[in-house]
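Just input_15.csv here, CSV, C-alpha atoms:
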```csv
chain,number,residue,atom,x,y,z
A,1,MET,CA,0.0,0.0,0.0
A,2,GLY,CA,1.1,3.5,-0.7
A,3,PHE,CA,1.0,6.4,-3.1
A,4,ASN,CA,3.3,8.9,-4.7
A,5,PRO,CA,2.6,12.4,-3.2
A,6,ASP,CA,4.4,14.1,-6.1
A,7,SER,CA,1.6,13.0,-8.4
A,8,TYR,CA,-1.0,15.1,-6.6
A,9,ARG,CA,-1.8,18.7,-5.6
A,10,CYS,CA,-1.3,19.0,-1.8
A,11,SER,CA,-3.2,21.2,0.6
A,12,GLU,CA,-2.0,21.4,4.2
A,13,GLY,CA,-3.9,22.2,7.4
A,14,LYS,CA,-4.4,21.5,11.1
A,15,VAL,CA,-7.3,20.1,13.0
A,16,LYS,CA,-9.4,22.9,14.4
A,17,SER,CA,-11.0,23.1,17.8
A,18,GLY,CA,-14.3,21.2,17.9
A,19,GLN,CA,-13.7,19.6,14.5
A,20,PHE,CA,-14.5,15.9,14.1
A,21,PHE,CA,-13.3,13.4,11.5
A,22,SER,CA,-16.3,13.3,9.2
A,23,PRO,CA,-16.8,17.1,9.1
A,24,LEU,CA,-13.0,17.3,8.3
A,25,LEU,CA,-13.5,15.0,5.4
A,26,THR,CA,-16.5,16.9,4.0
A,27,SER,CA,-14.6,20.2,4.4
A,28,LEU,CA,-11.9,18.7,2.2
A,29,GLY,CA,-14.4,17.7,-0.6
A,30,MET,CA,-16.0,14.4,0.3
A,31,THR,CA,-19.7,13.9,0.5
A,32,VAL,CA,-21.3,12.9,3.8
A,33,GLN,CA,-21.9,9.4,2.5
A,34,GLU,CA,-18.3,9.0,1.3
A,35,ALA,CA,-17.0,10.3,4.6
A,36,TYR,CA,-19.2,7.8,6.5
A,37,ARG,CA,-18.0,4.8,4.3
A,38,LEU,CA,-14.3,5.8,4.8
A,39,THR,CA,-14.8,6.1,8.5
A,40,GLN,CA,-16.3,2.6,8.6
A,41,ALA,CA,-13.5,1.2,6.5
A,42,CYS,CA,-10.7,2.6,8.7
A,43,ASP,CA,-12.1,1.8,12.1
A,44,SER,CA,-9.7,-1.0,12.7
A,45,VAL,CA,-6.7,1.2,11.9
A,46,PHE,CA,-7.8,4.6,13.3
A,47,ASP,CA,-10.2,5.5,16.1
A,48,VAL,CA,-11.7,8.7,14.9
A,49,ARG,CA,-12.3,9.8,18.5
A,50,THR,CA,-8.5,10.2,18.8
A,51,LEU,CA,-8.4,13.1,16.3
A,52,ARG,CA,-6.5,15.8,18.1
A,53,VAL,CA,-6.8,19.6,17.8
A,54,GLY,CA,-3.7,21.1,16.3
A,55,GLN,CA,-2.4,18.0,14.6
A,56,SER,CA,-1.2,18.5,11.0
A,57,TYR,CA,-2.7,16.9,8.0
A,58,ARG,CA,-2.1,17.0,4.2
A,59,ALA,CA,-4.9,16.5,1.6
A,60,TYR,CA,-3.9,15.2,-1.8
A,61,TYR,CA,-6.0,16.1,-4.9
A,62,SER,CA,-6.1,14.7,-8.4
A,63,ALA,CA,-6.0,17.0,-11.5
A,64,GLU,CA,-9.8,17.0,-11.4
A,65,ASP,CA,-9.7,18.4,-7.8
A,66,LYS,CA,-10.9,15.1,-6.3
A,67,LEU,CA,-9.7,14.2,-2.8
A,68,GLU,CA,-7.6,11.1,-3.3
A,69,TYR,CA,-5.6,10.8,-0.1
A,70,LEU,CA,-5.5,12.3,3.4
A,71,VAL,CA,-2.4,12.0,5.5
A,72,TYR,CA,-2.9,12.7,9.2
A,73,ASP,CA,0.2,13.1,11.5
A,74,ARG,CA,-0.7,10.9,14.5
A,75,ASP,CA,2.6,11.8,16.3
A,76,ARG,CA,6.2,12.7,15.5
A,77,LYS,CA,7.0,9.2,14.5
A,78,SER,CA,4.0,8.1,12.4
A,79,CYS,CA,1.0,9.1,10.3
A,80,ILE,CA,-2.2,7.6,9.1
A,81,VAL,CA,-2.7,7.5,5.3
A,82,PHE,CA,-6.4,7.4,4.2
A,83,ASP,CA,-7.3,6.2,0.7
A,84,CYS,CA,-10.3,8.4,-0.1
A,85,SER,CA,-11.4,6.5,-3.1
A,86,GLU,CA,-13.4,3.2,-3.3
A,87,PRO,CA,-12.5,0.7,-2.0
A,88,TYR,CA,-11.7,2.9,1.0
A,89,ASP,CA,-8.7,2.0,3.0
A,90,ALA,CA,-6.2,3.3,5.7
A,91,TRP,CA,-2.8,2.3,6.9
A,92,VAL,CA,-0.1,3.4,9.3
A,93,TYR,CA,3.1,4.8,7.9
A,94,GLU,CA,6.1,4.8,10.2
A,95,LYS,CA,8.4,7.6,9.3
A,96,PRO,CA,12.0,6.3,8.6
A,97,ILE,CA,14.5,6.5,11.4
A,98,GLU,CA,18.0,7.6,10.7
A,99,TYR,CA,20.8,6.6,13.0
A,100,ASN,CA,23.7,9.0,12.8
A,101,GLU,CA,27.1,8.3,14.3
A,102,ARG,CA,28.4,11.5,16.0
A,103,TYR,CA,31.4,12.7,17.9
A,104,ALA,CA,31.1,15.6,20.4
A,105,ASP,CA,34.0,17.6,22.0
A,106,VAL,CA,32.5,20.1,24.4
A,107,THR,CA,34.4,22.3,26.9
A,108,ILE,CA,32.4,24.1,29.6
A,109,ASN,CA,32.5,27.9,29.3
A,110,SER,CA,29.1,28.9,30.6
A,111,SER,CA,26.9,25.9,31.1
A,112,LEU,CA,26.7,22.4,29.7
A,113,TRP,CA,23.4,23.1,28.0
A,114,ASN,CA,24.6,26.3,26.3
A,115,ASP,CA,28.0,24.9,25.3
A,116,MET,CA,26.3,21.8,23.8
A,117,ILE,CA,24.1,24.0,21.6
A,118,ALA,CA,27.1,26.2,20.6
A,119,ALA,CA,29.0,23.0,19.5
A,120,ASP,CA,26.0,21.9,17.4
A,121,VAL,CA,25.3,19.0,19.7
A,122,SER,CA,21.8,18.0,20.8
A,123,PRO,CA,21.2,18.8,24.5
A,124,LEU,CA,19.5,15.4,24.6
A,125,LEU,CA,23.0,14.0,25.0
A,126,ILE,CA,23.1,15.6,28.4
A,127,LEU,CA,20.3,13.3,29.7
A,128,THR,CA,22.2,10.2,28.6
A,129,LEU,CA,25.5,11.4,30.0
A,130,SER,CA,23.8,12.3,33.3
A,131,ASP,CA,22.5,8.8,33.6
A,132,ILE,CA,25.9,7.2,32.7
A,133,TYR,CA,27.9,9.5,35.0
A,134,ALA,CA,25.2,9.7,37.8
A,135,TRP,CA,27.6,8.0,40.2
A,136,THR,CA,30.8,9.8,39.2
A,137,VAL,CA,30.1,13.4,38.1
A,138,ASP,CA,28.1,16.0,40.0
A,139,PHE,CA,26.3,17.7,37.1
A,140,PHE,CA,25.2,20.5,39.5
A,141,GLY,CA,28.9,21.4,40.1
A,142,LEU,CA,30.4,21.4,36.6
A,143,GLN,CA,33.2,24.0,36.4
A,144,LYS,CA,34.6,26.1,33.6
A,145,GLY,CA,37.2,24.1,31.7
A,146,ASP,CA,35.5,20.7,32.3
A,147,ARG,CA,35.3,18.8,29.1
A,148,PHE,CA,33.3,16.0,27.5
A,149,ARG,CA,34.4,13.9,24.5
A,150,VAL,CA,31.7,11.5,23.4
A,151,LEU,CA,31.2,8.9,20.6
A,152,TYR,CA,27.5,8.4,20.3
A,153,GLN,CA,24.6,7.6,18.1
A,154,GLU,CA,21.6,9.9,17.7
A,155,LYS,CA,18.1,9.0,16.4
A,156,VAL,CA,16.7,11.4,13.8
A,157,TYR,CA,13.1,11.8,12.4
A,158,ASP,CA,12.5,14.2,9.6
A,159,GLY,CA,15.8,16.0,10.3
A,160,GLU,CA,15.1,16.4,14.0
A,161,VAL,CA,17.1,14.6,16.8
A,162,ILE,CA,14.5,12.9,19.0
A,163,ALA,CA,16.8,10.7,21.1
A,164,VAL,CA,20.4,10.1,22.0
A,165,ASP,CA,20.2,6.6,23.5
A,166,THR,CA,23.6,5.1,22.6
A,167,VAL,CA,26.8,6.5,24.0
A,168,LYS,CA,29.6,4.2,23.0
A,169,TYR,CA,32.5,5.9,24.6
A,170,ALA,CA,32.9,9.1,26.7
A,171,VAL,CA,35.6,10.9,28.6
A,172,PHE,CA,34.9,13.5,31.2
A,173,THR,CA,37.9,15.7,32.1
A,174,HIS,CA,37.9,17.5,35.4
A,175,ASN,CA,41.0,19.2,37.0
A,176,GLY,CA,43.3,17.4,34.6
A,177,ASP,CA,41.8,13.9,35.5
A,178,ASP,CA,40.0,11.8,32.8
A,179,PHE,CA,37.0,9.7,33.7
A,180,PRO,CA,36.2,7.3,30.8
A,181,ALA,CA,32.9,5.6,30.3
A,182,ILE,CA,33.0,2.6,27.9
A,183,MET,CA,30.0,0.8,26.6
A,184,TYR,CA,30.2,-3.0,26.6
A,185,ASP,CA,27.3,-5.4,26.8
A,186,GLN,CA,28.3,-8.7,28.3
A,187,GLY,CA,24.8,-10.1,27.7
A,188,ASP,CA,23.6,-10.6,31.2
A,189,GLY,CA,20.9,-7.9,31.0
A,190,GLY,CA,22.7,-5.7,33.6
A,191,ASN,CA,25.2,-2.8,33.4
A,192,ILE,CA,26.7,-1.9,30.1
A,193,TRP,CA,28.9,1.1,31.0
A,194,TRP,CA,32.3,0.6,32.6
A,195,ASN,CA,35.4,2.7,33.6
A,196,GLU,CA,38.8,1.9,32.1
A,197,LYS,CA,39.4,-0.7,34.8
A,198,GLY,CA,36.3,-2.7,33.9
A,199,GLU,CA,34.5,-1.5,37.0
A,200,SER,CA,30.8,-0.7,36.7
A,201,MET,CA,29.9,3.0,36.3
A,202,ARG,CA,27.0,2.2,38.5
A,203,LYS,CA,27.8,2.5,42.2
A,204,ALA,CA,26.0,2.0,45.4
A,205,PHE,CA,24.6,5.6,45.5
A,206,LEU,CA,23.5,8.2,43.0
A,207,LYS,CA,25.5,11.4,43.1
A,208,ALA,CA,22.4,13.5,43.7
A,209,PRO,CA,18.7,12.8,44.6
A,210,LEU,CA,17.1,14.9,41.9
A,211,LYS,CA,17.7,16.3,38.5
A,212,TYR,CA,17.6,19.9,37.1
A,213,SER,CA,18.5,21.9,40.2
A,214,ARG,CA,21.2,24.0,41.8
A,215,ILE,CA,23.0,23.8,45.2
A,216,SER,CA,21.7,26.8,47.2
A,217,SER,CA,23.4,25.9,50.5
A,218,GLY,CA,26.1,23.5,51.4
A,219,PHE,CA,27.2,21.4,54.3
A,220,SER,CA,28.4,23.5,57.3
A,221,TYR,CA,28.6,23.5,61.1
A,222,ALA,CA,28.3,27.3,61.2
A,223,ARG,CA,25.6,28.5,58.8
A,224,LYS,CA,23.4,31.5,59.5
A,225,HIS,CA,19.8,30.1,59.2
A,226,PRO,CA,17.9,32.0,56.5
A,227,VAL,CA,14.7,32.2,58.7
A,228,THR,CA,16.0,32.4,62.3
A,229,ARG,CA,19.2,34.3,61.4
A,230,LYS,CA,21.0,32.3,64.1
A,231,VAL,CA,24.3,30.5,63.4
A,232,GLN,CA,23.7,26.8,63.6
A,233,PRO,CA,24.9,23.6,61.9
A,234,HIS,CA,23.4,22.7,58.5
A,235,THR,CA,24.5,19.1,58.1
A,236,GLY,CA,23.1,18.6,54.6
A,237,VAL,CA,23.0,20.1,51.2
A,238,ASP,CA,20.1,22.2,49.9
A,239,TYR,CA,19.1,21.8,46.3
A,240,ALA,CA,16.9,24.6,45.0
A,241,ALA,CA,14.4,23.3,42.5
A,242,PRO,CA,10.8,24.0,41.4
A,243,LYS,CA,8.0,22.7,43.6
A,244,GLY,CA,6.9,19.3,42.4
A,245,THR,CA,10.4,18.2,41.1
A,246,PRO,CA,10.6,14.4,41.7
A,247,VAL,CA,13.0,13.4,44.5
A,248,MET,CA,14.8,10.0,44.2
A,249,THR,CA,16.4,7.7,46.8
A,250,ILE,CA,20.1,7.7,46.1
A,251,GLY,CA,20.3,3.9,46.8
A,252,ASP,CA,18.5,0.7,47.7
A,253,GLY,CA,17.2,0.6,51.2
A,254,VAL,CA,14.3,0.5,53.6
A,255,VAL,CA,12.1,3.5,54.4
A,256,THR,CA,12.2,4.1,58.2
A,257,SER,CA,10.0,7.2,58.5
A,258,VAL,CA,7.5,9.1,56.4
A,259,LYS,CA,6.1,12.0,58.4
A,260,TYR,CA,6.1,15.7,59.2
A,261,GLU,CA,9.1,16.7,61.3
A,262,GLY,CA,8.5,20.3,62.4
A,263,ALA,CA,11.2,22.5,61.0
A,264,GLY,CA,12.1,19.8,58.4
A,265,GLY,CA,8.5,19.6,57.2
A,266,ASN,CA,7.5,16.5,55.3
A,267,THR,CA,10.4,14.2,55.6
A,268,VAL,CA,11.4,10.7,54.3
A,269,ARG,CA,14.2,8.7,56.0
A,270,ILE,CA,15.8,5.7,54.5
A,271,ARG,CA,18.3,3.2,55.9
A,272,HIS,CA,20.5,1.8,53.1
A,273,ASN,CA,22.6,-0.6,55.0
A,274,SER,CA,24.3,-0.9,58.4
A,275,VAL,CA,26.5,2.1,57.6
A,276,TYR,CA,24.6,4.6,55.6
A,277,SER,CA,21.2,6.3,56.0
A,278,THR,CA,19.7,9.4,54.3
A,279,ALA,CA,16.9,11.9,54.8
A,280,TYR,CA,14.9,14.1,52.4
A,281,LEU,CA,13.3,17.2,54.0
A,282,HIS,CA,10.8,19.9,53.1
A,283,LEU,CA,8.8,17.8,50.6
A,284,SER,CA,5.6,19.1,49.2
A,285,LYS,CA,4.2,15.5,49.2
A,286,TYR,CA,5.3,11.9,49.4
A,287,ALA,CA,5.2,9.4,46.6
A,288,LYS,CA,1.9,7.6,46.4
A,289,GLY,CA,1.7,4.7,48.8
A,290,LEU,CA,5.1,5.3,50.4
A,291,LYS,CA,5.2,4.1,54.0
A,292,ALA,CA,7.6,3.1,56.7
A,293,GLY,CA,9.0,-0.4,56.3
A,294,GLN,CA,8.8,-0.3,52.5
A,295,ARG,CA,11.8,-1.4,50.5
A,296,VAL,CA,12.9,1.0,47.8
A,297,ARG,CA,15.3,0.7,44.9
A,298,GLN,CA,17.9,3.2,43.7
A,299,GLY,CA,16.2,5.9,41.6
A,300,ASP,CA,12.7,5.3,42.9
A,301,VAL,CA,10.7,8.5,43.4
A,302,ILE,CA,10.0,8.9,47.1
A,303,GLY,CA,8.6,12.5,47.1
A,304,TYR,CA,8.5,15.9,45.5
A,305,VAL,CA,10.3,19.1,46.2
A,306,GLY,CA,8.4,21.6,48.4
A,307,SER,CA,8.7,24.2,51.1
A,308,THR,CA,7.1,22.6,54.1
A,309,GLY,CA,8.4,23.3,57.6
A,310,ARG,CA,10.9,26.1,58.2
A,311,SER,CA,11.7,27.1,54.7
A,312,THR,CA,12.1,30.3,52.6
A,313,GLY,CA,11.2,28.6,49.3
A,314,PRO,CA,11.0,25.4,47.4
A,315,HIS,CA,14.1,23.2,47.9
A,316,LEU,CA,15.3,19.8,49.0
A,317,ASP,CA,17.4,19.5,52.2
A,318,PHE,CA,19.3,16.3,51.6
A,319,ARG,CA,21.2,14.6,54.5
A,320,VAL,CA,23.5,11.6,54.8
A,321,TRP,CA,24.7,9.8,57.9
A,322,LYS,CA,27.6,7.3,58.0
A,323,ASN,CA,27.6,5.2,61.1
A,324,GLY,CA,25.3,7.7,62.7
A,325,THR,CA,27.5,10.7,62.0
A,326,PRO,CA,26.4,13.4,59.5
A,327,ILE,CA,28.7,13.6,56.5
A,328,ASN,CA,28.9,16.0,53.5
A,329,PRO,CA,26.8,14.3,50.7
A,330,LEU,CA,29.0,16.0,48.1
A,331,LYS,CA,32.2,14.3,49.4
A,332,MET,CA,30.7,10.8,50.0
A,333,ASP,CA,32.7,8.0,48.4
A,334,SER,CA,30.7,5.1,46.9
A,335,PRO,CA,32.3,1.7,46.1
A,336,PRO,CA,31.8,0.3,42.6
A,337,ALA,CA,29.3,-2.4,41.8
A,338,GLU,CA,30.3,-5.8,40.4
A,339,PRO,CA,33.2,-5.5,37.8
A,340,ILE,CA,33.1,-6.9,34.3
A,341,GLN,CA,33.1,-10.7,34.2
A,342,PRO,CA,36.6,-12.3,33.8
A,343,ASP,CA,35.7,-14.1,30.5
A,344,HIS,CA,34.7,-10.7,29.0
A,345,LYS,CA,37.9,-8.8,29.9
A,346,ASP,CA,39.7,-9.3,26.7
A,347,ALA,CA,36.7,-8.4,24.5
A,348,PHE,CA,36.1,-5.4,26.7
A,349,ALA,CA,39.7,-4.2,26.4
A,350,ALA,CA,39.6,-4.6,22.6
A,351,ALA,CA,36.4,-2.5,22.5
A,352,ALA,CA,37.9,0.2,24.7
A,353,ALA,CA,41.0,0.3,22.6
A,354,ASP,CA,39.0,0.6,19.4
A,355,TYR,CA,36.9,3.5,20.8
A,356,GLN,CA,40.1,5.3,22.0
A,357,HIS,CA,41.6,4.9,18.6
A,358,GLN,CA,38.5,6.4,16.9
A,359,ILE,CA,38.7,9.4,19.2
A,360,ASN,CA,42.4,9.9,18.7
A,361,THR,CA,42.0,9.7,14.9
A,362,ILE,CA,39.2,12.2,15.0
A,363,ASN,CA,41.2,14.6,17.2
A,364,ALA,CA,44.3,14.2,15.0
A,365,SER,CA,42.3,15.0,11.9
A,366,ALA,CA,40.8,18.1,13.6
A,367,VAL,CA,44.3,19.3,14.5
A,368,ALA,CA,45.6,18.7,11.0
A,369,SER,CA,42.7,20.6,9.5
A,370,THR,CA,43.3,23.5,11.8
A,371,LEU,CA,47.0,23.7,10.9
A,372,LEU,CA,46.1,23.6,7.2
A,373,ASN,CA,43.7,26.5,7.7
A,374,LEU,CA,46.5,28.5,9.4
A,375,LEU,CA,48.9,28.1,6.5
```
Would you kindly transcribe this structure into structure tokens?
Amino acid sequence: MGFNPDSYRCSEGKVKSGQFFSPLLTSLGMTVQEAYRLTQACDSVFDVRTLRVGQSYRAYYSAEDKLEYLVYDRDRKSCIVFDCSEPYDAWVYEKPIEYNERYADVTINSSLWNDMIAADVSPLLILTLSDIYAWTVDFFGLQKGDRFRVLYQEKVYDGEVIAVDTVKYAVFTHNGDDFPAIMYDQGDGGNIWWNEKGESMRKAFLKAPLKYSRISSGFSYARKHPVTRKVQPHTGVDYAAPKGTPVMTIGDGVVTSVKYEGAGGNTVRIRHNSVYSTAYLHLSKYAKGLKAGQRVRQGDVIGYVGSTGRSTGPHLDFRVWKNGTPINPLKMDSPPAEPIQPDHKDAFAAAAADYQHQINTINASAVASTLLNLL
């Protein structure tokens, strides 16, 4: 099934408010009876009740100005093609996906987001990098001069990047130190990103309990409280974020308390093991069904940013204890998870060497090109 759009005159439009499928067809030139028969013929392919206001469509007409085809954009990835001539028909057309191999070399000057755009790199890459480096890099504390070099694959529809879901090799450079992340799937359904030693990039704890925020107050034993104005310890880190921002547990554990705690407001406490425990304060609300005694997994949403208790605005006060003593969450070490399996070490090393060679070749080519331009 299909048709050649170039053989017809095309008229474009968008579904209007209050417009239904049959009236749309009649407005494009079909009779009421023809619209009814087409609607009946396509009911197994397209539910006419799902026609959405604002969605684009294209009507294709013959030389005699007869409506031959209607193409309705169901979403970014697919459209419905309606054959408007007897015998009426309809089918789904999946737009072709392009997979582009890319290399990005981005140095932080203002912000990772702005510098990605300036380097003509999709900001969607940030999301994948933040997942890979969640246990290694504090994305809220990136500094000028920090650098990312990444071999990755982007998914493109109609010239628009819609996903960056495959990072093959990355190197994050901070204060002169390199932190590689190497993709290698050993086929066990588990971790696929490793450091240069074959240790899992996934560690016991996430680097931070939420995304898209900034640190508004650090760990201190002599901070002037913004409400009381008294100097008192603040044994946690405040993350300023919009009300309703999801808050995640940084590691597996058992919820020990879900309750309002005076100045701390709505608070969730979690015991991770015999050594570490965490608390999440000032929440606007808790995750649905969360209760004491419940086991949670790393990355589970346990609540949402708020300003309950003694607070000057929406933020998360995040606290960590080691053996009962408060510690600075930003300086907490986290041991690596299971390393790569011994029988995969050689293949992993070969993959890492190949990725490194690709990056070195790209960088050498870039340097040579720059030198030529200077001559």
With only C-alpha atoms as the basis for distance, which of A:Ile359, A:Ala35, A:Ala41, A:Ala337 is at the shortest distance from Tyr152 (chain A)?
A:Ile359
Would you list the contacts of Leu127 (chain A) as JSON, numbers by chain, taking every protein, DNA or RNA residue within 12 Å and counting only C-alpha atoms, but skipping same-chain residues closer than 6 positions in sequence?
{"A": [112, 113, 116, 133, 134, 139, 163, 164, 165, 166, 167, 211, 212]}
Could the residues in this selection be written to a file with C-alpha atoms, as an mmCIF file, keeping the file's coordinate frame?
```
data_model
loop_
_atom_site.group_PDB
_atom_site.id
_atom_site.type_symbol
_atom_site.label_atom_id
_atom_site.label_comp_id
_atom_site.auth_asym_id
_atom_site.auth_seq_id
_atom_site.Cartn_x
_atom_site.Cartn_y
_atom_site.Cartn_z
ATOM 1 C CA LEU A 112 26.700 22.400 29.700
ATOM 2 C CA TRP A 113 23.400 23.100 28.000
ATOM 3 C CA MET A 116 26.300 21.800 23.800
ATOM 4 C CA TYR A 133 27.900 9.500 35.000
ATOM 5 C CA ALA A 134 25.200 9.700 37.800
ATOM 6 C CA PHE A 139 26.300 17.700 37.100
ATOM 7 C CA ALA A 163 16.800 10.700 21.100
ATOM 8 C CA VAL A 164 20.400 10.100 22.000
ATOM 9 C CA ASP A 165 20.200 6.600 23.500
ATOM 10 C CA THR A 166 23.600 5.100 22.600
ATOM 11 C CA VAL A 167 26.800 6.500 24.000
ATOM 12 C CA LYS A 211 17.700 16.300 38.500
ATOM 13 C CA TYR A 212 17.600 19.900 37.100
#
```
Using only C-alpha atoms, can you list as a PyMOL selection string the residues within 12 Å of (42.2, 12.1, 19.4)?
chain A and resi 103-105+149-151+171+354-368
Save the residues we just selected, C-alpha atoms, as a PDB file, in the frame of the given file?
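Wrote it out as part-v2.pdb, contents follow:
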```pdb
ATOM      1  CA  TYR A 103      31.400  12.700  17.900  1.00  0.00           C
ATOM      2  CA  ALA A 104      31.100  15.600  20.400  1.00  0.00           C
ATOM      3  CA  ASP A 105      34.000  17.600  22.000  1.00  0.00           C
ATOM      4  CA  ARG A 149      34.400  13.900  24.500  1.00  0.00           C
ATOM      5  CA  VAL A 150      31.700  11.500  23.400  1.00  0.00           C
ATOM      6  CA  LEU A 151      31.200   8.900  20.600  1.00  0.00           C
ATOM      7  CA  VAL A 171      35.600  10.900  28.600  1.00  0.00           C
ATOM      8  CA  ASP A 354      39.000   0.600  19.400  1.00  0.00           C
ATOM      9  CA  TYR A 355      36.900   3.500  20.800  1.00  0.00           C
ATOM     10  CA  GLN A 356      40.100   5.300  22.000  1.00  0.00           C
ATOM     11  CA  HIS A 357      41.600   4.900  18.600  1.00  0.00           C
ATOM     12  CA  GLN A 358      38.500   6.400  16.900  1.00  0.00           C
ATOM     13  CA  ILE A 359      38.700   9.400  19.200  1.00  0.00           C
ATOM     14  CA  ASN A 360      42.400   9.900  18.700  1.00  0.00           C
ATOM     15  CA  THR A 361      42.000   9.700  14.900  1.00  0.00           C
ATOM     16  CA  ILE A 362      39.200  12.200  15.000  1.00  0.00           C
ATOM     17  CA  ASN A 363      41.200  14.600  17.200  1.00  0.00           C
ATOM     18  CA  ALA A 364      44.300  14.200  15.000  1.00  0.00           C
ATOM     19  CA  SER A 365      42.300  15.000  11.900  1.00  0.00           C
ATOM     20  CA  ALA A 366      40.800  18.100  13.600  1.00  0.00           C
ATOM     21  CA  VAL A 367      44.300  19.300  14.500  1.00  0.00           C
ATOM     22  CA  ALA A 368      45.600  18.700  11.000  1.00  0.00           C
TER      23      ALA A 368
END
```
Residues near Leu25 (chain A), cut-off 10 Å, all atoms listed in the file, skip fewer than 6 positions along chain, as JSON, numbers by chain
{"A": [31, 32, 34, 35, 36, 38, 39, 59, 67, 70, 84]}
Mind pulling up the distance from CA of Trp91 (chain A) to CA of Gly13 (chain A)?
19.9 Å
Using the block above, I'd like region 174-204 of chain A written out, keeping C-alpha atoms and formatting it as an mmCIF file, in the first residue's frame.
```
data_model
loop_
_atom_site.group_PDB
_atom_site.id
_atom_site.type_symbol
_atom_site.label_atom_id
_atom_site.label_comp_id
_atom_site.auth_asym_id
_atom_site.auth_seq_id
_atom_site.Cartn_x
_atom_site.Cartn_y
_atom_site.Cartn_z
ATOM 1 C CA HIS A 174 37.938 17.546 35.380
ATOM 2 C CA ASN A 175 40.968 19.213 36.998
ATOM 3 C CA GLY A 176 43.255 17.355 34.615
ATOM 4 C CA ASP A 177 41.805 13.937 35.451
ATOM 5 C CA ASP A 178 40.038 11.808 32.849
ATOM 6 C CA PHE A 179 36.978 9.721 33.690
ATOM 7 C CA PRO A 180 36.224 7.332 30.790
ATOM 8 C CA ALA A 181 32.900 5.551 30.308
ATOM 9 C CA ILE A 182 33.013 2.578 27.940
ATOM 10 C CA MET A 183 29.954 0.805 26.569
ATOM 11 C CA TYR A 184 30.245 -2.970 26.573
ATOM 12 C CA ASP A 185 27.331 -5.388 26.835
ATOM 13 C CA GLN A 186 28.299 -8.722 28.344
ATOM 14 C CA GLY A 187 24.822 -10.088 27.652
ATOM 15 C CA ASP A 188 23.581 -10.556 31.213
ATOM 16 C CA GLY A 189 20.877 -7.879 31.049
ATOM 17 C CA GLY A 190 22.743 -5.724 33.569
ATOM 18 C CA ASN A 191 25.168 -2.839 33.442
ATOM 19 C CA ILE A 192 26.664 -1.880 30.067
ATOM 20 C CA TRP A 193 28.906 1.087 31.019
ATOM 21 C CA TRP A 194 32.303 0.625 32.650
ATOM 22 C CA ASN A 195 35.366 2.653 33.557
ATOM 23 C CA GLU A 196 38.802 1.916 32.100
ATOM 24 C CA LYS A 197 39.423 -0.728 34.796
ATOM 25 C CA GLY A 198 36.307 -2.673 33.885
ATOM 26 C CA GLU A 199 34.488 -1.480 37.006
ATOM 27 C CA SER A 200 30.799 -0.670 36.708
ATOM 28 C CA MET A 201 29.942 3.000 36.286
ATOM 29 C CA ARG A 202 26.967 2.229 38.494
ATOM 30 C CA LYS A 203 27.813 2.505 42.160
ATOM 31 C CA ALA A 204 26.041 2.021 45.429
#
```
